[in-house]
Every structure is written in structure tokens, then in C-alpha cells.
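A.B. asks: Contents of input-v5.txt (compact mmCIF, C-alpha atoms) are given next:
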```txt
# COMPACT_ATOMS: atom_id res chain seq x y z
CA MET A 1 108.61 73.97 84.97
CA GLU A 2 110.48 70.85 86.03
CA ASN A 3 111.82 70.51 89.56
CA LYS A 4 115.57 71.09 89.77
CA ASN A 5 118.17 70.56 92.43
CA ILE A 6 118.93 73.67 94.49
CA LEU A 7 121.93 74.20 96.73
CA ILE A 8 121.80 76.93 99.37
CA ASN A 9 125.33 77.59 100.62
CA GLY A 10 126.30 78.74 104.09
CA ALA A 11 122.97 79.86 105.52
CA ASN A 12 122.10 80.30 109.18
CA VAL A 13 119.64 77.41 109.50
CA PHE A 14 116.84 77.26 112.07
CA LYS A 15 116.86 73.65 113.26
CA PRO A 16 113.87 71.73 114.70
CA ASP A 17 115.42 71.90 118.19
CA GLY A 18 115.19 75.70 118.04
CA LYS A 19 118.93 76.22 117.61
CA VAL A 20 120.72 77.82 114.66
CA GLU A 21 123.72 76.46 112.79
CA VAL A 22 125.57 77.55 109.68
CA ALA A 23 125.03 74.88 107.02
CA ASP A 24 124.35 74.15 103.38
CA ILE A 25 120.91 72.94 102.29
CA LEU A 26 120.56 70.60 99.33
CA ILE A 27 117.13 70.38 97.72
CA GLU A 28 116.41 67.50 95.37
CA ASN A 29 113.10 67.77 93.52
CA ASP A 30 110.53 68.80 96.16
CA LYS A 31 112.39 67.73 99.33
CA ILE A 32 115.31 68.66 101.54
CA ALA A 33 117.93 66.02 100.76
CA LYS A 34 120.70 67.13 103.10
CA ILE A 35 121.55 69.81 105.64
CA GLY A 36 125.24 70.13 106.51
CA LYS A 37 128.51 70.58 104.69
CA ILE A 38 128.01 69.78 101.01
CA GLU A 39 131.01 69.74 98.70
CA ASN A 40 131.52 69.09 94.99
CA PHE A 41 127.83 69.14 94.09
CA GLU A 42 127.62 70.84 90.71
CA ASP A 43 124.24 69.70 89.39
CA ALA A 44 122.18 72.34 91.17
CA THR A 45 120.99 75.92 91.02
CA LYS A 46 123.17 77.79 93.52
CA ILE A 47 121.78 80.27 96.06
CA ASP A 48 124.21 82.18 98.25
CA GLY A 49 122.94 81.70 101.79
CA ARG A 50 125.70 83.68 103.48
CA GLY A 51 124.20 86.43 105.60
CA LYS A 52 120.78 84.82 105.27
CA PHE A 53 118.57 83.22 107.92
CA ALA A 54 116.84 80.08 106.65
CA ILE A 55 113.55 79.06 108.27
CA PRO A 56 110.62 76.84 107.29
CA GLY A 57 108.04 78.87 105.39
CA PHE A 58 105.30 80.44 107.47
CA VAL A 59 101.95 78.63 107.58
CA ASN A 60 98.96 80.96 107.74
CA ALA A 61 96.55 78.54 109.39
CA HIS A 62 93.37 80.59 108.99
CA THR A 63 92.56 83.23 106.43
CA HIS A 64 90.10 84.29 103.78
CA ALA A 65 92.46 85.15 100.95
CA SER A 66 90.06 86.89 98.59
CA MET A 67 89.07 89.37 101.31
CA THR A 68 92.01 91.47 100.10
CA LEU A 69 89.22 92.96 97.96
CA LEU A 70 87.68 94.46 101.11
CA ARG A 71 90.80 95.72 102.87
CA SER A 72 89.87 99.05 104.54
CA TYR A 73 86.28 98.82 103.25
CA SER A 74 84.80 98.47 106.77
CA ASP A 75 86.74 98.95 109.98
CA ASP A 76 86.26 99.72 113.68
CA LYS A 77 83.03 97.78 114.18
CA ASN A 78 82.00 94.76 116.23
CA LEU A 79 82.05 91.40 114.50
CA GLN A 80 78.33 90.91 113.88
CA ASP A 81 77.71 94.45 112.58
CA TRP A 82 80.84 94.23 110.46
CA LEU A 83 79.79 90.88 108.96
CA GLN A 84 76.06 91.32 108.54
CA LYS A 85 75.81 94.99 107.53
CA ASP A 86 78.97 95.45 105.48
CA ILE A 87 80.85 92.29 104.52
CA TRP A 88 78.19 89.72 103.64
CA PRO A 89 76.21 92.06 101.33
CA ILE A 90 79.33 92.80 99.28
CA GLU A 91 80.43 89.17 99.26
CA ASP A 92 77.05 88.23 97.76
CA LYS A 93 78.05 90.25 94.68
CA MET A 94 81.42 88.57 94.18
CA THR A 95 82.12 86.62 91.01
CA GLY A 96 84.69 83.99 90.26
CA GLU A 97 86.86 86.70 88.70
CA ASP A 98 86.73 88.66 91.96
CA LEU A 99 87.79 85.66 94.03
CA TYR A 100 90.61 84.91 91.60
CA PHE A 101 92.20 88.35 91.73
CA GLY A 102 91.52 88.74 95.45
CA ALA A 103 93.35 85.47 96.08
CA ALA A 104 96.10 86.41 93.62
CA ALA A 105 96.70 89.64 95.55
CA ALA A 106 96.84 87.61 98.75
CA ALA A 107 99.34 85.25 97.15
CA VAL A 108 101.62 88.16 96.25
CA GLU A 109 101.41 89.51 99.79
CA MET A 110 101.99 86.12 101.37
CA ILE A 111 104.99 85.22 99.22
CA LYS A 112 106.61 88.61 99.80
CA SER A 113 106.15 88.23 103.57
CA GLY A 114 107.43 84.64 103.77
CA THR A 115 104.24 82.56 103.87
CA THR A 116 104.48 79.32 101.91
CA ALA A 117 101.20 77.61 102.94
CA PHE A 118 97.78 78.89 103.92
CA ALA A 119 94.43 77.50 105.04
CA ASP A 120 91.64 79.33 103.25
CA MET A 121 87.89 79.33 103.79
CA TYR A 122 85.62 81.42 101.58
CA GLY A 123 82.45 81.44 99.52
CA PRO A 124 81.58 80.12 96.08
CA TYR A 125 84.10 79.89 93.26
CA MET A 126 86.80 78.38 95.47
CA ASP A 127 88.00 76.61 92.33
CA ARG A 128 89.34 80.01 91.25
CA VAL A 129 91.33 80.22 94.48
CA ALA A 130 92.67 76.74 93.71
CA GLU A 131 93.81 78.06 90.34
CA VAL A 132 95.79 80.78 92.13
CA VAL A 133 97.44 78.16 94.36
CA GLU A 134 98.36 76.11 91.30
CA GLU A 135 99.77 79.11 89.40
CA SER A 136 101.53 80.84 92.30
CA GLY A 137 103.35 77.76 93.57
CA LEU A 138 102.05 78.17 97.11
CA ARG A 139 100.65 75.35 99.23
CA GLY A 140 96.91 75.71 99.91
CA VAL A 141 94.47 74.03 102.30
CA LEU A 142 91.12 75.07 100.86
CA SER A 143 87.53 74.81 101.98
CA ARG A 144 84.22 76.22 100.81
CA GLY A 145 82.92 78.46 103.60
CA ILE A 146 79.41 77.10 104.17
CA ILE A 147 76.62 79.11 105.77
CA GLY A 148 73.96 76.49 106.39
CA LEU A 149 71.05 78.75 107.28
CA PHE A 150 69.92 78.87 103.66
CA ASP A 151 70.81 76.79 100.60
CA GLY A 152 73.08 74.73 102.83
CA ASP A 153 72.84 71.52 100.82
CA GLU A 154 73.77 73.35 97.64
CA LYS A 155 76.81 74.93 99.30
CA LEU A 156 77.84 71.60 100.78
CA ALA A 157 77.67 70.12 97.27
CA THR A 158 80.11 72.76 96.01
CA ASN A 159 82.55 71.74 98.76
CA VAL A 160 82.22 68.15 97.54
CA GLU A 161 83.01 69.27 94.00
CA LEU A 162 85.98 71.27 95.24
CA TYR A 163 87.29 68.12 96.94
CA LYS A 164 86.76 65.92 93.89
CA ASN A 165 88.34 68.41 91.49
CA TRP A 166 91.26 69.73 93.50
CA HIS A 167 92.26 67.57 96.47
CA GLY A 168 95.85 66.43 95.94
CA LYS A 169 96.28 68.48 92.78
CA ALA A 170 99.02 70.99 91.84
CA ASP A 171 101.82 68.50 92.55
CA GLY A 172 100.15 67.64 95.86
CA ARG A 173 100.19 71.25 97.06
CA ILE A 174 96.39 71.48 97.38
CA THR A 175 94.47 69.89 100.24
CA VAL A 176 90.71 70.28 100.52
CA MET A 177 88.81 70.43 103.81
CA PHE A 178 85.11 71.03 104.49
CA GLY A 179 84.30 74.50 105.82
CA PRO A 180 81.11 74.95 107.85
CA HIS A 181 81.35 78.58 108.90
CA ALA A 182 80.29 78.51 112.58
CA ILE A 183 77.63 77.28 114.98
CA TYR A 184 75.67 80.53 114.59
CA THR A 185 75.41 80.05 110.82
CA CYS A 186 75.19 76.25 110.68
CA PRO A 187 72.50 74.59 112.87
CA PRO A 188 73.37 71.24 114.48
CA ASP A 189 71.31 69.15 112.05
CA PHE A 190 73.18 70.70 109.16
CA LEU A 191 76.53 70.14 110.87
CA LYS A 192 75.63 66.45 111.09
CA LYS A 193 75.25 66.43 107.28
CA VAL A 194 78.63 68.11 106.88
CA ALA A 195 80.23 65.60 109.25
CA GLU A 196 78.75 62.64 107.38
CA THR A 197 79.74 64.03 103.99
CA ALA A 198 83.32 64.84 105.05
CA ALA A 199 83.66 61.37 106.56
CA LYS A 200 82.83 59.80 103.19
CA PHE A 201 85.91 61.48 101.74
CA ASN A 202 88.06 61.12 104.86
CA ALA A 203 88.33 64.91 104.76
CA GLU A 204 88.96 67.22 107.70
CA ILE A 205 87.03 70.24 108.95
CA HIS A 206 87.86 73.96 109.10
CA ILE A 207 85.46 75.97 111.30
CA HIS A 208 85.22 79.17 113.38
CA MET A 209 84.66 78.42 117.07
CA ASN A 210 83.97 80.57 120.17
CA GLU A 211 85.11 83.83 118.59
CA THR A 212 82.93 86.24 120.62
CA ILE A 213 80.96 86.36 123.85
CA GLN A 214 77.79 86.90 121.84
CA GLU A 215 78.38 83.60 120.04
CA ILE A 216 78.51 81.82 123.40
CA GLU A 217 75.40 83.57 124.74
CA ASP A 218 73.37 82.87 121.59
CA CYS A 219 74.40 79.20 121.62
CA LEU A 220 73.38 78.82 125.27
CA LYS A 221 70.06 80.51 124.51
CA ASN A 222 69.33 78.41 121.41
CA TYR A 223 70.68 75.02 122.46
CA GLY A 224 71.25 75.13 126.21
CA LYS A 225 74.93 74.26 125.80
CA ARG A 226 78.17 75.93 124.81
CA PRO A 227 79.40 75.73 121.18
CA PHE A 228 81.99 72.95 121.56
CA GLU A 229 79.45 70.78 123.38
CA VAL A 230 76.83 71.28 120.68
CA VAL A 231 79.21 70.72 117.78
CA ALA A 232 80.81 67.66 119.41
CA GLU A 233 77.38 65.98 119.51
CA THR A 234 77.05 66.35 115.71
CA GLY A 235 80.16 64.23 115.02
CA LEU A 236 81.87 67.11 113.23
CA PHE A 237 85.00 66.81 115.37
CA ASP A 238 85.52 63.11 114.68
CA ASN A 239 87.59 63.32 111.48
CA GLY A 240 90.15 65.98 112.39
CA THR A 241 89.38 69.64 113.01
CA LEU A 242 91.04 72.99 112.50
CA ALA A 243 89.25 75.44 114.83
CA ALA A 244 89.83 79.15 114.34
CA HIS A 245 89.78 81.68 117.20
CA CYS A 246 88.72 79.64 120.28
CA VAL A 247 88.72 82.78 122.42
CA TRP A 248 86.07 82.05 125.05
CA ILE A 249 86.65 78.51 126.33
CA ASP A 250 85.52 76.91 129.61
CA GLU A 251 87.01 73.81 131.24
CA LYS A 252 84.52 71.40 129.70
CA GLU A 253 85.25 72.72 126.24
CA LEU A 254 88.97 72.50 126.91
CA GLU A 255 88.50 68.79 127.63
CA ILE A 256 86.62 68.39 124.31
CA ILE A 257 89.48 70.08 122.45
CA LYS A 258 91.99 67.74 124.10
CA ASP A 259 89.87 64.61 123.66
CA LYS A 260 89.10 65.26 119.99
CA LYS A 261 92.66 66.46 119.27
CA ILE A 262 91.30 69.68 117.80
CA ARG A 263 93.99 72.02 116.50
CA VAL A 264 93.55 75.67 117.47
CA VAL A 265 94.34 78.68 115.27
CA HIS A 266 95.21 81.82 117.21
CA ASN A 267 94.17 84.94 115.23
CA LEU A 268 95.54 87.58 117.55
CA GLY A 269 95.69 90.57 115.19
CA SER A 270 92.13 90.11 113.95
CA ASN A 271 90.79 89.34 117.43
CA MET A 272 92.32 92.54 118.78
CA LYS A 273 91.01 94.69 115.93
CA LEU A 274 87.47 93.34 116.39
CA ALA A 275 87.88 93.43 120.19
CA SER A 276 86.84 89.79 120.38
CA GLY A 277 89.14 89.03 123.33
CA PHE A 278 92.27 86.98 124.00
CA ALA A 279 92.34 83.21 123.58
CA PRO A 280 93.77 81.22 126.54
CA ILE A 281 96.94 80.28 124.67
CA GLU A 282 98.95 79.54 127.82
CA LYS A 283 96.31 77.02 128.90
CA PHE A 284 96.21 75.41 125.45
CA LEU A 285 99.98 74.98 125.34
CA LYS A 286 100.17 73.58 128.86
CA ASN A 287 97.53 70.99 127.89
CA GLY A 288 99.48 69.82 124.84
CA ILE A 289 97.05 71.32 122.33
CA VAL A 290 98.48 72.25 118.93
CA VAL A 291 98.33 76.04 118.58
CA ALA A 292 98.95 77.61 115.17
CA LEU A 293 98.75 81.21 114.03
CA GLY A 294 96.60 82.84 111.38
CA THR A 295 96.00 86.32 110.10
CA ASP A 296 92.29 85.91 109.35
CA GLY A 297 91.18 87.93 106.32
CA ALA A 298 92.73 91.17 105.11
CA SER A 299 89.58 93.10 105.98
CA SER A 300 89.72 92.23 109.68
CA ASN A 301 93.48 92.26 110.31
CA ASN A 302 94.21 94.12 107.85
CA ASN A 303 97.31 92.40 106.48
CA LEU A 304 98.51 88.86 105.82
CA ASP A 305 101.87 89.29 107.54
CA MET A 306 102.57 86.17 109.58
CA LEU A 307 105.74 87.57 111.11
CA GLU A 308 103.60 90.27 112.70
CA GLU A 309 101.35 87.57 114.19
CA ILE A 310 104.41 85.77 115.58
CA HIS A 311 105.72 89.01 117.06
CA LEU A 312 102.37 89.94 118.64
CA SER A 313 101.81 86.46 120.04
CA ALA A 314 105.21 86.31 121.70
CA LEU A 315 104.79 89.71 123.34
CA ILE A 316 101.14 89.82 124.31
CA GLU A 317 100.98 86.33 125.80
CA LYS A 318 103.88 87.26 128.09
CA CYS A 319 102.07 90.38 129.21
CA LEU A 320 98.71 88.66 129.77
CA ALA A 321 100.35 86.04 131.97
CA CYS A 322 102.81 88.49 133.60
CA ASP A 323 105.45 85.90 132.69
CA PRO A 324 108.43 86.92 130.50
CA LEU A 325 109.36 83.24 130.15
CA LEU A 326 106.12 82.35 128.35
CA ILE A 327 106.42 81.63 124.61
CA PRO A 328 110.13 82.28 124.02
CA ALA A 329 111.19 83.36 120.55
CA ALA A 330 111.84 79.86 119.17
CA GLU A 331 108.43 78.64 120.38
CA ALA A 332 106.69 81.63 118.79
CA LEU A 333 108.47 80.91 115.50
CA LYS A 334 107.36 77.28 115.66
CA MET A 335 103.75 78.40 116.17
CA GLY A 336 104.01 80.15 112.82
CA THR A 337 105.77 77.28 111.05
CA GLU A 338 105.94 73.75 112.47
CA TYR A 339 102.77 73.91 114.57
CA GLY A 340 100.95 75.62 111.72
CA ALA A 341 101.75 72.73 109.41
CA GLN A 342 100.54 70.25 112.04
CA ALA A 343 97.34 72.25 112.53
CA VAL A 344 96.35 72.29 108.87
CA GLY A 345 97.21 68.62 108.44
CA LEU A 346 100.30 68.93 106.24
CA LYS A 347 102.75 66.06 106.49
CA ASP A 348 106.51 66.57 106.10
CA VAL A 349 106.06 70.35 106.16
CA GLY A 350 107.09 72.95 108.71
CA LYS A 351 110.65 71.92 109.59
CA LEU A 352 114.06 72.28 108.00
CA GLU A 353 114.86 68.62 108.24
CA GLU A 354 116.08 66.03 105.77
CA GLY A 355 113.15 64.32 104.06
CA TYR A 356 110.79 67.24 104.64
CA LYS A 357 109.27 69.26 101.82
CA ALA A 358 111.49 72.08 100.61
CA ASP A 359 109.34 74.99 101.80
CA ILE A 360 112.06 77.44 102.80
CA VAL A 361 112.31 81.19 103.37
CA LEU A 362 115.58 83.11 103.45
CA PHE A 363 115.71 86.38 105.37
CA ASP A 364 118.36 88.94 104.47
CA MET A 365 120.25 89.72 107.68
CA SER A 366 122.18 92.72 106.33
CA GLY A 367 119.71 95.37 107.51
CA ILE A 368 120.07 97.46 110.64
CA ALA A 369 117.30 95.55 112.45
CA TRP A 370 119.58 92.51 112.41
CA GLN A 371 122.58 94.22 113.98
CA PRO A 372 124.38 93.13 116.09
CA CYS A 373 123.54 89.48 115.62
CA TYR A 374 123.77 87.54 118.87
CA ASN A 375 120.68 85.41 118.22
CA PRO A 376 118.98 85.26 114.79
CA VAL A 377 115.79 83.73 116.23
CA SER A 378 115.41 86.58 118.69
CA LEU A 379 116.11 89.14 115.97
CA LEU A 380 113.50 87.63 113.66
CA VAL A 381 110.75 87.43 116.28
CA TYR A 382 111.39 90.65 118.20
CA SER A 383 113.24 92.99 115.83
CA ALA A 384 112.93 92.30 112.10
CA ASN A 385 109.95 92.66 109.81
CA SER A 386 108.82 90.85 106.70
CA SER A 387 110.53 93.29 104.34
CA SER A 388 113.67 91.27 105.15
CA VAL A 389 112.30 88.28 103.21
CA ASP A 390 114.71 87.71 100.34
CA THR A 391 113.96 84.31 98.82
CA VAL A 392 110.98 81.95 99.00
CA ILE A 393 111.00 78.30 97.93
CA VAL A 394 107.96 75.99 97.96
CA ASN A 395 108.01 72.32 97.02
CA GLY A 396 111.52 72.79 95.69
CA LYS A 397 110.61 75.67 93.34
CA ILE A 398 111.75 79.25 93.68
CA LEU A 399 108.75 81.59 93.97
CA MET A 400 110.77 84.70 94.82
CA GLU A 401 114.49 85.40 94.68
CA LYS A 402 116.15 88.62 95.84
CA ARG A 403 112.63 90.09 96.26
CA GLU A 404 111.75 89.33 92.62
CA LEU A 405 108.55 87.33 92.17
CA LYS A 406 108.95 84.43 89.75
CA THR A 407 105.40 83.11 89.34
CA LEU A 408 103.06 86.12 89.64
CA ASP A 409 102.72 89.47 87.86
CA GLU A 410 102.26 91.88 90.78
CA GLU A 411 101.55 94.95 88.65
CA LYS A 412 98.80 93.22 86.65
CA ILE A 413 97.25 91.75 89.80
CA ILE A 414 97.10 95.16 91.51
CA PHE A 415 95.41 96.65 88.44
CA GLU A 416 92.81 93.88 88.22
CA LEU A 417 92.21 93.85 91.99
CA ASN A 418 91.34 97.55 92.01
CA LYS A 419 89.10 97.10 88.97
CA CYS A 420 87.18 94.35 90.80
CA ALA A 421 86.96 96.40 93.98
CA LYS A 422 85.58 99.44 92.16
CA ARG A 423 82.88 97.34 90.50
CA LEU A 424 81.89 95.74 93.81
CA THR A 425 81.83 98.83 96.01
CA GLY A 426 81.63 101.79 93.63
CA ASN A 427 84.70 103.27 95.31
```
Represent the structure from my file as C-alpha cells, please.

C.D. replies:
Amino acid sequence: MENKNILINGANVFKPDGKVEVADILIENDKIAKIGKIENFEDATKIDGRGKFAIPGFVNAHTHASMTLLRSYSDDKNLQDWLQKDIWPIEDKMTGEDLYFGAAAAAVEMIKSGTTAFADMYGPYMDRVAEVVEESGLRGVLSRGIIGLFDGDEKLATNVELYKNWHGKADGRITVMFGPHAIYTCPPDFLKKVAETAAKFNAEIHIHMNETIQEIEDCLKNYGKRPFEVVAETGLFDNGTLAAHCVWIDEKELEIIKDKKIRVVHNLGSNMKLASGFAPIEKFLKNGIVVALGTDGASSNNNLDMLEEIHLSALIEKCLACDPLLIPAAEALKMGTEYGAQAVGLKDVGKLEEGYKADIVLFDMSGIAWQPCYNPVSLLVYSANSSSVDTVIVNGKILMEKRELKTLDEEKIIFELNKCAKRLTGN
């Protein structure tokens, strides 16, 4: 389908300065051409923006999309038991077909809840996830999740193939990173190999860091240093890094994060469910560190609703700091949009600004949760939920309009997802 001009009339537009103004938005091909009063422009698909709140699409900066297959399969356990006893054994059985329909289900959920871009790390067959990105119209930052304890070189080679085959594809909507899982699954010598290989392609890194206390204790026992110190010595942080979780951080590690310009992904919902702890978000923000939001996978959250992450982050950080001024609504919204795009390395994404990519979500403000409307940003962050998402546009193409999906067959995907799940688990 060819790109077409789109004109959104009279929307309440969330501007980069955090303010809202009523304006028209003209999209030409894949970019925002103009925001303001636009008259006598006939060569465009018209969308009535009156009574709608226009924001940049949400960026889910850390997830495992195909884990929709394991939603509700294993809950209420600590991270290591959950991973080693339940999740990894089932993941070993997954086929390319499983990853495809798991990711397709995630794409449906993300589009319907206003996410336009996501950073995904998972196992083999990530090319099937790339196919879902291409077909759905979403923007994807993909990496092969690499556990280096066994067959590490082979897994690293599949990440190389993913990069060669998919980086920059789907009209530029696909970016490929390298995805070493974590320090407890990837020894330092192996991380050096990953760093060297990624550097050859000028590719960035997506990794889990400092998620649990046990991870810190094991690292100190095995290497005599904390995780960020060990990983920094491998060179892995030298080409740009997206670090998920970052819950248990000391001052020396904070300096490494600042020095290496590591971007942090806050996974509050997942961290709470697994009782991993609370990341020092206030400290990160005060030190100028980019903080994005992610849902993690749908078996540890258990949804992919970024508005819920924004809502939780705004509220809980205030409470932890006993400071109602911390993370005001506009800042929380930017963590889920603008800062998310920065974190995953997307250029010209994350703002409603002329020249930026046309990744736009329109919320229907007619529902009771939006009444009375003194401040749309406040209503979105503190009052509304993702069922208010009306229209989703990515790269100048309409993926959903008036809650109707345009690129995916939700009914077929649900059927196939459940068929895959039954084969994998017997349930």
C-alpha cells in the first residue's frame, strides 16, 4: 500500500514542550509535514480530530513479544524459579510458527493500546517476529536473545543473520540490535565476542542488567565486582546500550551508566509482579540519564499496556520519594514516548513535531474518564485507560481507525495463538 497524505483536523495536540494546543496535523508520506491551521488542502485522507487527543505513539522499550504464548502459564514465583523451572523449558519447544503468532498477538495488543514501536528480545526464529513487524506496520527494534552459557557462538551467528537480513527493512521500520541476555547467562569472555561482533556492524546492544539482588550477589561471588563493572570491562557498553531493569545500582555503577550514556528501561509492572524491587528512577533523572518505559513480556507483567506503565510510574515514584512534584504527568508521558524513542535509538520518532515520523495515536476523549476536561495530559496519565485509543498511525499509514484494525486479522491470530499454546503446554 502506497503512502498517502493524511490530514487530521482539529485535534488536541500534545506538543514537545508538554503543552496542548488545538491544531491540524498534515502527514505527507511517512512524516509530519505541518502542525497548525491548514486550509484548502484537498489531496489527503481526512481524519476528524475533534474531541481527540493526539500524542506520539507509545514506545515499549523492553519486551519479549512472543511471550504472549505464556501469559498466565506461570505466575507468583521469584525470577529464577520462574525462568529456570517453567519458562525456559517451554521456550525450548517453541518453533518459528509459535514465535510468529505470539508476536502477532502482541502486535494486536500493542496497536489497540497505542504502542507504535517496541524493542524486542527473544530466542531463535526472530526473523518470524520481523515478518510480523513488516506485516503489522509497527516499528520494531529487534534482537536475538542470546544465552551464552551453551551454543553461544551459534546463537550469536543467528543475531548476525538477523542484522544482515532485516536491519533497515520494512520501509526502515526495523532496527536490529544484539541481545546478550544478562551477565548471569553470558560470561565476560562471551560478552567480549558479542561486543566485537556488534561493533563490526555498528549495531547497539539490548541487555538485562541488575534486575535482582541475587544477580548482584552471584556476580560478586563469581567475578568480585558488580555487574556494570564486569560488563563495562568487556567493551559491550561502547557502541550504545539499552539496559533493561537496572533496579539495584550503586554509585559506581551510576557513574558507568552516565559515562557510557547507557539508556535505562524501567519495567515497573514486571518488577513489581516478580518482587524484584524498585529502580532508582529519581536518581537516574536527576543525573540526566535517559529513562524509558517497558512492559517486559506478557508472562511477567502480564499485559503490554504502556499507558498502565506510564500511570504506575507517575504514581509510585511520587510515593517512593514522598514527593508529589516528582514525575509530573507530562514527564511521565514523555517517558513512554519521546524518551522511549531516544532509548531504543530511533531518530525523528517520539514527538509530534514537523519533520518527525508520523507515528501518532488519537485518544477518544468522549468517555466519562475524560470529563470534565481541564487538562488532557493529566486525564490521560491519571484517569483514562487504553480502551480510549481510537486511531493509530505509524510511518504515515493507518494501522487502526475507530478501533478497527487495518493490517491484522485479530480473530485468526487468537485462534492460531491458542492452537500453538495448547501444543506447547498441553493446556

A.B. asks: Counting all atoms listed in the file, which residue out of A:Gly10, A:Gly396, A:Gly179, A:Pro324 sits closest to A:Glu39?

C.D. replies: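 Closest to A:Glu39 of all the choices is A:Gly10.
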
A.B. asks: Considering only C-alpha atoms, can you say which of A:Asp390, A:Leu352, A:Lys261, A:Arg403 comes closest to A:Met365?

C.D. replies: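 For A:Met365, the nearest of the candidates is A:Asp390.
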
A.B. asks: Point out the residue among A:Pro187, A:Pro372, A:Gly172, A:Gly224 with the least atom-to-atom distance to A:Lys347, counting only C-alpha atoms.

C.D. replies: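 The shortest atom-to-atom distance to A:Lys347 comes from A:Gly172.
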
A.B. asks: Please indicate the distance in Å from atom CA of A:Thr68 to atom CA of A:Gln84, rounded to one decimal place.

C.D. replies: 18.0 Å

A.B. asks: Residues of stretch 43-78 of chain A within 12 Å of stretch 239-245 of chain A: nearest atom pair and distance (Å, one decimal) for each, counting only C-alpha atoms, sorted by chain and number, as CSV?

C.D. replies:
```
residue,atom,partner,partner_atom,distance
A:Asn60,CA,A:Ala244,CA,11.4
A:Ala61,CA,A:Ala244,CA,8.4
A:His62,CA,A:Ala244,CA,6.6
A:Thr63,CA,A:Ala244,CA,9.3
A:His64,CA,A:Ala244,CA,11.7
```

A.B. asks: One decimal, in Å: what's the spacing between atom CA of A:Val389 and atom CA of A:Thr45?

C.D. replies: 19.4 Å

A.B. asks: Need to verify the contact set: A:Ile281, 9 Å, all atoms listed in the file, exclusion of same-chain residues closer than 6 positions in sequence. Can you return it as a list in words?

C.D. replies: Val247, His266, Val291 and Glu317 of chain A

A.B. asks: Closest to A:Thr295 among A:Ala358, A:Leu138, A:Leu408, A:Met67, using all atoms listed in the file?

C.D. replies: A:Met67

A.B. asks: Quote the spacing between atom CA of A:Lys273 and atom CA of A:Leu70 in Å to one decimal place.

C.D. replies: 15.2 Å

A.B. asks: Taking into account all atoms listed in the file, which residue in the set A:Ile413, A:Val13, A:Met400, A:Leu236 is nearest to A:Gly49?

C.D. replies: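 For A:Gly49, the nearest of the given residues is A:Val13.
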
A.B. asks: For stretch 122-137 of chain A, supply N, CA and C atoms and report the output as a PDB file, keeping the file's coordinate frame.

C.D. replies:
```pdb
ATOM      1  N   TYR A 122      86.387  80.303 102.145  1.00  0.00           N
ATOM      2  CA  TYR A 122      85.620  81.420 101.580  1.00  0.00           C
ATOM      3  C   TYR A 122      84.405  80.890 100.845  1.00  0.00           C
ATOM      4  N   GLY A 123      83.760  81.750 100.100  1.00  0.00           N
ATOM      5  CA  GLY A 123      82.450  81.440  99.520  1.00  0.00           C
ATOM      6  C   GLY A 123      82.526  80.623  98.245  1.00  0.00           C
ATOM      7  N   PRO A 124      81.595  80.870  97.343  1.00  0.00           N
ATOM      8  CA  PRO A 124      81.580  80.120  96.080  1.00  0.00           C
ATOM      9  C   PRO A 124      82.808  80.443  95.240  1.00  0.00           C
ATOM     10  N   TYR A 125      82.990  79.697  94.197  1.00  0.00           N
ATOM     11  CA  TYR A 125      84.100  79.890  93.260  1.00  0.00           C
ATOM     12  C   TYR A 125      85.465  79.610  93.889  1.00  0.00           C
ATOM     13  N   MET A 126      85.500  78.720  94.877  1.00  0.00           N
ATOM     14  CA  MET A 126      86.800  78.380  95.470  1.00  0.00           C
ATOM     15  C   MET A 126      87.715  77.676  94.479  1.00  0.00           C
ATOM     16  N   ASP A 127      87.158  77.187  93.374  1.00  0.00           N
ATOM     17  CA  ASP A 127      88.000  76.610  92.330  1.00  0.00           C
ATOM     18  C   ASP A 127      88.925  77.667  91.739  1.00  0.00           C
ATOM     19  N   ARG A 128      88.477  78.945  91.743  1.00  0.00           N
ATOM     20  CA  ARG A 128      89.340  80.010  91.250  1.00  0.00           C
ATOM     21  C   ARG A 128      90.505  80.273  92.208  1.00  0.00           C
ATOM     22  N   VAL A 129      90.247  80.103  93.507  1.00  0.00           N
ATOM     23  CA  VAL A 129      91.330  80.220  94.480  1.00  0.00           C
ATOM     24  C   VAL A 129      92.322  79.066  94.283  1.00  0.00           C
ATOM     25  N   ALA A 130      91.791  77.882  93.992  1.00  0.00           N
ATOM     26  CA  ALA A 130      92.670  76.740  93.710  1.00  0.00           C
ATOM     27  C   ALA A 130      93.558  77.017  92.500  1.00  0.00           C
ATOM     28  N   GLU A 131      93.010  77.692  91.508  1.00  0.00           N
ATOM     29  CA  GLU A 131      93.810  78.060  90.340  1.00  0.00           C
ATOM     30  C   GLU A 131      94.981  78.959  90.741  1.00  0.00           C
ATOM     31  N   VAL A 132      94.723  79.891  91.653  1.00  0.00           N
ATOM     32  CA  VAL A 132      95.790  80.780  92.130  1.00  0.00           C
ATOM     33  C   VAL A 132      96.865  79.969  92.848  1.00  0.00           C
ATOM     34  N   VAL A 133      96.463  79.011  93.671  1.00  0.00           N
ATOM     35  CA  VAL A 133      97.440  78.160  94.360  1.00  0.00           C
ATOM     36  C   VAL A 133      98.288  77.418  93.331  1.00  0.00           C
ATOM     37  N   GLU A 134      97.643  76.861  92.329  1.00  0.00           N
ATOM     38  CA  GLU A 134      98.360  76.110  91.300  1.00  0.00           C
ATOM     39  C   GLU A 134      99.362  77.004  90.570  1.00  0.00           C
ATOM     40  N   GLU A 135      98.940  78.219  90.202  1.00  0.00           N
ATOM     41  CA  GLU A 135      99.770  79.110  89.400  1.00  0.00           C
ATOM     42  C   GLU A 135     100.871  79.786  90.227  1.00  0.00           C
ATOM     43  N   SER A 136     100.581  80.105  91.464  1.00  0.00           N
ATOM     44  CA  SER A 136     101.530  80.840  92.300  1.00  0.00           C
ATOM     45  C   SER A 136     102.657  79.972  92.814  1.00  0.00           C
ATOM     46  N   GLY A 137     102.379  78.674  92.976  1.00  0.00           N
ATOM     47  CA  GLY A 137     103.350  77.760  93.570  1.00  0.00           C
ATOM     48  C   GLY A 137     103.220  77.603  95.058  1.00  0.00           C
TER      49      GLY A 137
END
```
